[in-house]
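Below: the structure, in structure tokens.
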Amino acid sequence: MQAPVELREVSFAYGSGELRRLVLREVDLRVAPGEIVILTGPSGSGKTTLLTLIGALRAMQLGSARVLGQELLGASEAARVRLRRRIGFIFQNHNLLGFLTARQNVAMALELDGALSERERLARAGAMLEAVGLAGHAEKRPAQLSGGQRQRVAIARALAGAPGLILADEPTAALDKQTGQEVVRLLRDLAKGNGVPILLVTHDPRILDLADRIVAMEDGRIVHAALEQAR
């Protein structure tokens with residue numbers, strides 16, 4: 001079976017000439033179906049840049065990156081946009097629209113699916129909110145929700161379109177330990193149930209035990225990869 005994410009010798013630099021700064025150096029990485037991989041390491045080690053390349057948010061420069069069957073080296077902007085629609089993104093700051101309800105925020109992820117009516121989108125959004133434990137909060141706006149609840153809405157939005165891959169950048173950074181672990185367990189349970197892999201960037205040592213594999217980066221390179229002990 002083809003891996004959802006397979007990188008070979010990926011390098012990336014910002015700037016040019018004397019200002020050129022190499023931030024990724026010949027990175028190899030493979031993520032299997034249903035696998036939860038945590039990327040960790042000091043600030044500036046290249047974790048977020050790697051995540052944005054995998055998510056087709058930046059154009060590739062060197063190496064090969066096959067994501068959900070799409071080769072990203074040399075891919076057009078249109079091809080990268082199509083791929084982004086198949087990926088669920090979760091960010092530290094939620095990126096929820098404050099003037100929309102939780103249900104409406106989740107339903108936005110389904111607006112590109114022309115086969116669904118507005119009623120069907122809202123119904124599916126409600127079902128996703130129920131799946132993340134927010135059945136009674138669907139009509140609340142983000143300001144009426146706690147930080148953990150807002151992050152659950154973001155998870156529901158990321159999963160609503162049945163993505164083939166979930167990319168999360170510091171999803172627990174603004175949460176306390178208990179809420180952060182609840183959010184990651186929720187992600188794990190929902191992803192494992194559908195065989196969807198998760199690639200998660202974090203500085204948070206409190207959630208490392210929830211990963212299948214921890215990949216440590218330093219100075220743009222992968223310096224260590226370890227399997228977690230069976231739980």
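Letters A, B, ... go to the chains of the structure tokens in the order shown; residues in each chain start at 1; ligands are counted from 1 in the same order.
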Can you tell me which residues surround Asp204 of chain A at a distance of at most 8 Å, considering only C-alpha atoms, apart from same-chain residues fewer than 3 positions away, and format the answer as a PDB file with C-alpha atoms, in the first residue's frame?
```pdb
ATOM      1  CA  GLU A 170       0.909  23.242  17.846  1.00  0.00           C
ATOM      2  CA  THR A 172      -2.345  22.151  22.245  1.00  0.00           C
ATOM      3  CA  ALA A 173      -0.046  25.125  22.838  1.00  0.00           C
ATOM      4  CA  ILE A 207       1.426  14.791  24.642  1.00  0.00           C
ATOM      5  CA  LEU A 208       4.347  12.792  23.259  1.00  0.00           C
TER       6      LEU A 208
END
```
Residue neighbourhood segment 47-49 of chain A, 12 Å, only C-alpha atoms, exclusion window fewer than 6 positions, as a PyMOL selection string = chain A and resi 10-14+22-25+27+38-41+55-60+91-92+167-170+199-203+215-222
Mind dumping a table of every segment 12-97 of chain A residue within 12 Å of segment 122-142 of chain A, with the nearest atom pair and its distance in Å to one decimal, using only C-alpha atoms, sorted by chain and rising number, as JSON lines?
```
{"residue": "A:Asn93", "atom": "CA", "partner": "A:Pro142", "partner_atom": "CA", "distance": 11.6}
{"residue": "A:His94", "atom": "CA", "partner": "A:Pro142", "partner_atom": "CA", "distance": 9.6}
{"residue": "A:Asn95", "atom": "CA", "partner": "A:Pro142", "partner_atom": "CA", "distance": 10.0}
{"residue": "A:Leu96", "atom": "CA", "partner": "A:Pro142", "partner_atom": "CA", "distance": 7.0}
{"residue": "A:Leu97", "atom": "CA", "partner": "A:Pro142", "partner_atom": "CA", "distance": 7.5}
```
Using only C-alpha atoms, which of the listed residues (A:Ala65, A:Val184, A:Leu53, A:Ile36) sits closest to Asp212 of chain A?
->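 Comparing A:Ala65, A:Val184, A:Leu53, A:Ile36 against Asp212 of chain A, the winner is A:Ile36.
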Atom CA of Ala107 of chain A to atom CA of Gln70 of chain A, straight-line distance in Å | 26.3 Å
Using only C-alpha atoms, determine which residues lie at most 10 Å from Pro33 of chain A, disregarding the query and same-chain residues fewer than 5 positions distant; provide the list as number ranges by chain.
-> A: 1-5, 164-165, 191-192, 194-198
Nearest to Glu6 of chain A, chosen from A:Asn105, A:Ser64, A:Ser45, A:Thr52, with only C-alpha atoms counted in the distances =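 Selected residue with least distance to Glu6 of chain A: A:Ser64.
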One decimal, Å: what's the distance from atom CA of Gln61 of chain A over to atom CA of Phe89 of chain A, could you say?
->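 Going from atom CA of Gln61 of chain A over to atom CA of Phe89 of chain A covers 22.2 Å.
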Picked from segment 14-218 of chain A by DSSP as strand (DSSP E), as a ChimeraX atom specification = /A:14,21-31,36-40,62-67,70-71,87-91,165-169,198-201,213-218
Since we have the selection now, will you write its residues out, keeping C-alpha atoms, as a PDB file, in the first residue's frame?
```
ATOM      1  CA  TYR A  14      14.316  30.980   2.289  1.00  0.00           C
ATOM      2  CA  ARG A  21      19.021  30.397   4.543  1.00  0.00           C
ATOM      3  CA  LEU A  22      18.702  26.625   4.289  1.00  0.00           C
ATOM      4  CA  VAL A  23      15.966  25.417   6.676  1.00  0.00           C
ATOM      5  CA  LEU A  24      15.459  21.815   5.497  1.00  0.00           C
ATOM      6  CA  ARG A  25      18.325  19.509   4.579  1.00  0.00           C
ATOM      7  CA  GLU A  26      17.663  16.258   2.677  1.00  0.00           C
ATOM      8  CA  VAL A  27      14.721  15.166   4.821  1.00  0.00           C
ATOM      9  CA  ASP A  28      13.352  11.632   4.381  1.00  0.00           C
ATOM     10  CA  LEU A  29      10.022  10.815   6.031  1.00  0.00           C
ATOM     11  CA  ARG A  30       7.282   8.247   5.545  1.00  0.00           C
ATOM     12  CA  VAL A  31       3.894   8.294   7.268  1.00  0.00           C
ATOM     13  CA  ILE A  36       0.191   9.441  14.343  1.00  0.00           C
ATOM     14  CA  VAL A  37       3.619  11.014  13.936  1.00  0.00           C
ATOM     15  CA  ILE A  38       4.774  13.869  16.156  1.00  0.00           C
ATOM     16  CA  LEU A  39       7.467  16.229  14.878  1.00  0.00           C
ATOM     17  CA  THR A  40       9.409  17.778  17.723  1.00  0.00           C
ATOM     18  CA  LEU A  62      14.402  20.099  -4.047  1.00  0.00           C
ATOM     19  CA  GLY A  63      13.657  16.431  -3.469  1.00  0.00           C
ATOM     20  CA  SER A  64      10.499  14.379  -3.856  1.00  0.00           C
ATOM     21  CA  ALA A  65       7.291  14.668  -1.833  1.00  0.00           C
ATOM     22  CA  ARG A  66       4.387  12.371  -2.638  1.00  0.00           C
ATOM     23  CA  VAL A  67       1.322  13.293  -0.584  1.00  0.00           C
ATOM     24  CA  GLN A  70       0.358  13.571  -5.689  1.00  0.00           C
ATOM     25  CA  GLU A  71       3.972  14.433  -6.462  1.00  0.00           C
ATOM     26  CA  ILE A  87      -6.105  17.642   3.793  1.00  0.00           C
ATOM     27  CA  GLY A  88      -7.485  18.653   7.195  1.00  0.00           C
ATOM     28  CA  PHE A  89      -5.534  21.499   8.811  1.00  0.00           C
ATOM     29  CA  ILE A  90      -5.572  22.284  12.546  1.00  0.00           C
ATOM     30  CA  PHE A  91      -3.735  25.336  13.871  1.00  0.00           C
ATOM     31  CA  LEU A 165      -4.431  13.386   5.954  1.00  0.00           C
ATOM     32  CA  ILE A 166      -4.522  15.651   9.015  1.00  0.00           C
ATOM     33  CA  LEU A 167      -1.780  18.214   9.627  1.00  0.00           C
ATOM     34  CA  ALA A 168      -1.704  19.926  13.021  1.00  0.00           C
ATOM     35  CA  ASP A 169       0.624  22.752  14.065  1.00  0.00           C
ATOM     36  CA  ILE A 198      -1.864  12.619  11.557  1.00  0.00           C
ATOM     37  CA  LEU A 199       1.358  14.604  11.339  1.00  0.00           C
ATOM     38  CA  LEU A 200       1.543  16.882  14.365  1.00  0.00           C
ATOM     39  CA  VAL A 201       4.129  19.569  15.141  1.00  0.00           C
ATOM     40  CA  ARG A 213       6.199   7.610  16.448  1.00  0.00           C
ATOM     41  CA  ILE A 214       8.198  10.657  17.501  1.00  0.00           C
ATOM     42  CA  VAL A 215      10.473  12.303  14.944  1.00  0.00           C
ATOM     43  CA  ALA A 216      12.982  14.809  16.314  1.00  0.00           C
ATOM     44  CA  MET A 217      14.368  17.560  14.084  1.00  0.00           C
ATOM     45  CA  GLU A 218      17.382  19.774  14.548  1.00  0.00           C
TER      46      GLU A 218
END
```
Counting only C-alpha atoms, figure out which residue out of A:Gly193, A:Gly46, A:Gly69, A:Gly180 gets nearest to Pro205 of chain A.
->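 Closest to Pro205 of chain A of all the choices is A:Gly180.
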Please, which residues of segment 30-162 of chain A, numbered as in this document, come out alpha helix (DSSP H) from DSSP, as an NGL selection string?
-> :A and (47-54 or 77-84 or 102-107 or 118-131 or 147-160)
Can you write out the residues you just picked, keeping N, CA and C atoms, as a CSV table (one decimal), in the first residue's frame?
```
chain,number,residue,atom,x,y,z
A,47,LYS,N,10.4,22.3,11.5
A,47,LYS,CA,9.2,21.5,11.7
A,47,LYS,C,8.0,22.1,10.9
A,48,THR,N,7.8,23.4,11.2
A,48,THR,CA,6.6,24.1,10.5
A,48,THR,C,6.8,24.2,9.0
A,49,THR,N,8.0,24.5,8.6
A,49,THR,CA,8.3,24.6,7.2
A,49,THR,C,8.0,23.2,6.5
A,50,LEU,N,8.4,22.2,7.1
A,50,LEU,CA,8.2,20.8,6.6
A,50,LEU,C,6.7,20.6,6.5
A,51,LEU,N,5.9,21.0,7.5
A,51,LEU,CA,4.5,20.8,7.5
A,51,LEU,C,3.8,21.5,6.4
A,52,THR,N,4.3,22.8,6.2
A,52,THR,CA,3.6,23.6,5.1
A,52,THR,C,4.0,23.0,3.7
A,53,LEU,N,5.1,22.4,3.5
A,53,LEU,CA,5.4,21.7,2.3
A,53,LEU,C,4.5,20.5,2.0
A,54,ILE,N,4.4,19.7,3.1
A,54,ILE,CA,3.5,18.5,3.0
A,54,ILE,C,2.1,18.9,2.7
A,77,GLU,N,0.1,25.4,-9.2
A,77,GLU,CA,-0.7,25.9,-8.1
A,77,GLU,C,-2.1,25.3,-8.0
A,78,ALA,N,-2.6,25.0,-9.2
A,78,ALA,CA,-4.0,24.4,-9.3
A,78,ALA,C,-3.9,23.0,-8.7
A,79,ALA,N,-2.9,22.3,-8.9
A,79,ALA,CA,-2.8,20.9,-8.4
A,79,ALA,C,-2.6,21.0,-6.9
A,80,ARG,N,-1.8,22.0,-6.4
A,80,ARG,CA,-1.6,22.1,-5.0
A,80,ARG,C,-2.9,22.5,-4.3
A,81,VAL,N,-3.7,23.3,-4.9
A,81,VAL,CA,-5.0,23.7,-4.3
A,81,VAL,C,-5.9,22.5,-4.2
A,82,ARG,N,-5.9,21.7,-5.2
A,82,ARG,CA,-6.8,20.4,-5.2
A,82,ARG,C,-6.3,19.5,-4.1
A,83,LEU,N,-5.0,19.4,-3.9
A,83,LEU,CA,-4.5,18.6,-2.8
A,83,LEU,C,-4.9,19.1,-1.4
A,84,ARG,N,-4.8,20.4,-1.3
A,84,ARG,CA,-5.1,21.1,0.0
A,84,ARG,C,-6.6,20.8,0.4
A,102,ALA,N,-20.6,27.6,15.8
A,102,ALA,CA,-19.7,26.5,15.7
A,102,ALA,C,-20.2,25.6,14.5
A,103,ARG,N,-21.5,25.4,14.4
A,103,ARG,CA,-22.0,24.6,13.3
A,103,ARG,C,-21.6,25.2,11.9
A,104,GLN,N,-21.8,26.5,11.8
A,104,GLN,CA,-21.5,27.2,10.5
A,104,GLN,C,-20.0,27.2,10.2
A,105,ASN,N,-19.1,27.3,11.3
A,105,ASN,CA,-17.7,27.2,11.0
A,105,ASN,C,-17.3,25.9,10.5
A,106,VAL,N,-17.9,24.8,11.0
A,106,VAL,CA,-17.6,23.5,10.5
A,106,VAL,C,-18.1,23.3,9.1
A,107,ALA,N,-19.3,23.8,8.9
A,107,ALA,CA,-20.0,23.6,7.6
A,107,ALA,C,-19.2,24.3,6.4
A,118,GLU,N,-27.2,23.2,1.4
A,118,GLU,CA,-26.8,23.9,2.7
A,118,GLU,C,-27.3,23.1,3.9
A,119,ARG,N,-28.5,22.6,3.7
A,119,ARG,CA,-29.1,21.8,4.8
A,119,ARG,C,-28.3,20.6,5.1
A,120,GLU,N,-27.8,19.9,4.0
A,120,GLU,CA,-26.9,18.7,4.2
A,120,GLU,C,-25.6,19.1,4.9
A,121,ARG,N,-25.0,20.2,4.4
A,121,ARG,CA,-23.8,20.6,5.0
A,121,ARG,C,-23.9,20.9,6.5
A,122,LEU,N,-25.0,21.6,6.9
A,122,LEU,CA,-25.2,21.9,8.3
A,122,LEU,C,-25.5,20.6,9.1
A,123,ALA,N,-26.2,19.7,8.5
A,123,ALA,CA,-26.5,18.4,9.2
A,123,ALA,C,-25.2,17.6,9.4
A,124,ARG,N,-24.3,17.6,8.4
A,124,ARG,CA,-23.1,16.9,8.6
A,124,ARG,C,-22.2,17.6,9.6
A,125,ALA,N,-22.2,18.9,9.6
A,125,ALA,CA,-21.5,19.7,10.6
A,125,ALA,C,-21.9,19.4,12.0
A,126,GLY,N,-23.2,19.3,12.2
A,126,GLY,CA,-23.8,19.0,13.5
A,126,GLY,C,-23.4,17.6,13.9
A,127,ALA,N,-23.3,16.7,13.0
A,127,ALA,CA,-22.9,15.3,13.3
A,127,ALA,C,-21.4,15.3,13.8
A,128,MET,N,-20.6,16.1,13.1
A,128,MET,CA,-19.2,16.1,13.5
A,128,MET,C,-19.0,16.8,14.8
A,129,LEU,N,-19.8,17.8,15.1
A,129,LEU,CA,-19.7,18.4,16.5
A,129,LEU,C,-20.1,17.4,17.5
A,130,GLU,N,-21.1,16.6,17.2
A,130,GLU,CA,-21.5,15.6,18.2
A,130,GLU,C,-20.4,14.6,18.4
A,131,ALA,N,-19.7,14.3,17.3
A,131,ALA,CA,-18.6,13.3,17.4
A,131,ALA,C,-17.4,13.8,18.3
A,147,GLY,N,-11.3,27.6,25.4
A,147,GLY,CA,-10.2,27.3,24.5
A,147,GLY,C,-10.3,25.8,24.0
A,148,GLY,N,-10.5,24.9,24.9
A,148,GLY,CA,-10.6,23.5,24.5
A,148,GLY,C,-11.8,23.2,23.5
A,149,GLN,N,-12.9,23.9,23.8
A,149,GLN,CA,-14.1,23.7,22.9
A,149,GLN,C,-13.8,24.3,21.6
A,150,ARG,N,-13.1,25.5,21.5
A,150,ARG,CA,-12.8,26.0,20.2
A,150,ARG,C,-11.9,25.1,19.4
A,151,GLN,N,-11.0,24.5,20.1
A,151,GLN,CA,-10.1,23.6,19.4
A,151,GLN,C,-10.8,22.3,18.9
A,152,ARG,N,-11.8,21.9,19.6
A,152,ARG,CA,-12.7,20.8,19.2
A,152,ARG,C,-13.5,21.2,17.9
A,153,VAL,N,-13.9,22.4,17.9
A,153,VAL,CA,-14.6,22.9,16.7
A,153,VAL,C,-13.7,22.8,15.5
A,154,ALA,N,-12.4,23.3,15.7
A,154,ALA,CA,-11.4,23.2,14.7
A,154,ALA,C,-11.1,21.8,14.2
A,155,ILE,N,-11.1,20.9,15.1
A,155,ILE,CA,-11.0,19.5,14.8
A,155,ILE,C,-12.1,19.0,14.0
A,156,ALA,N,-13.3,19.3,14.4
A,156,ALA,CA,-14.5,18.9,13.6
A,156,ALA,C,-14.5,19.5,12.2
A,157,ARG,N,-14.1,20.7,12.1
A,157,ARG,CA,-14.0,21.3,10.8
A,157,ARG,C,-12.9,20.6,9.9
A,158,ALA,N,-11.8,20.2,10.5
A,158,ALA,CA,-10.7,19.6,9.8
A,158,ALA,C,-11.2,18.2,9.3
A,159,LEU,N,-12.0,17.5,10.1
A,159,LEU,CA,-12.5,16.2,9.7
A,159,LEU,C,-13.7,16.1,8.9
A,160,ALA,N,-14.4,17.2,8.8
A,160,ALA,CA,-15.8,17.2,8.2
A,160,ALA,C,-15.7,16.8,6.7
```
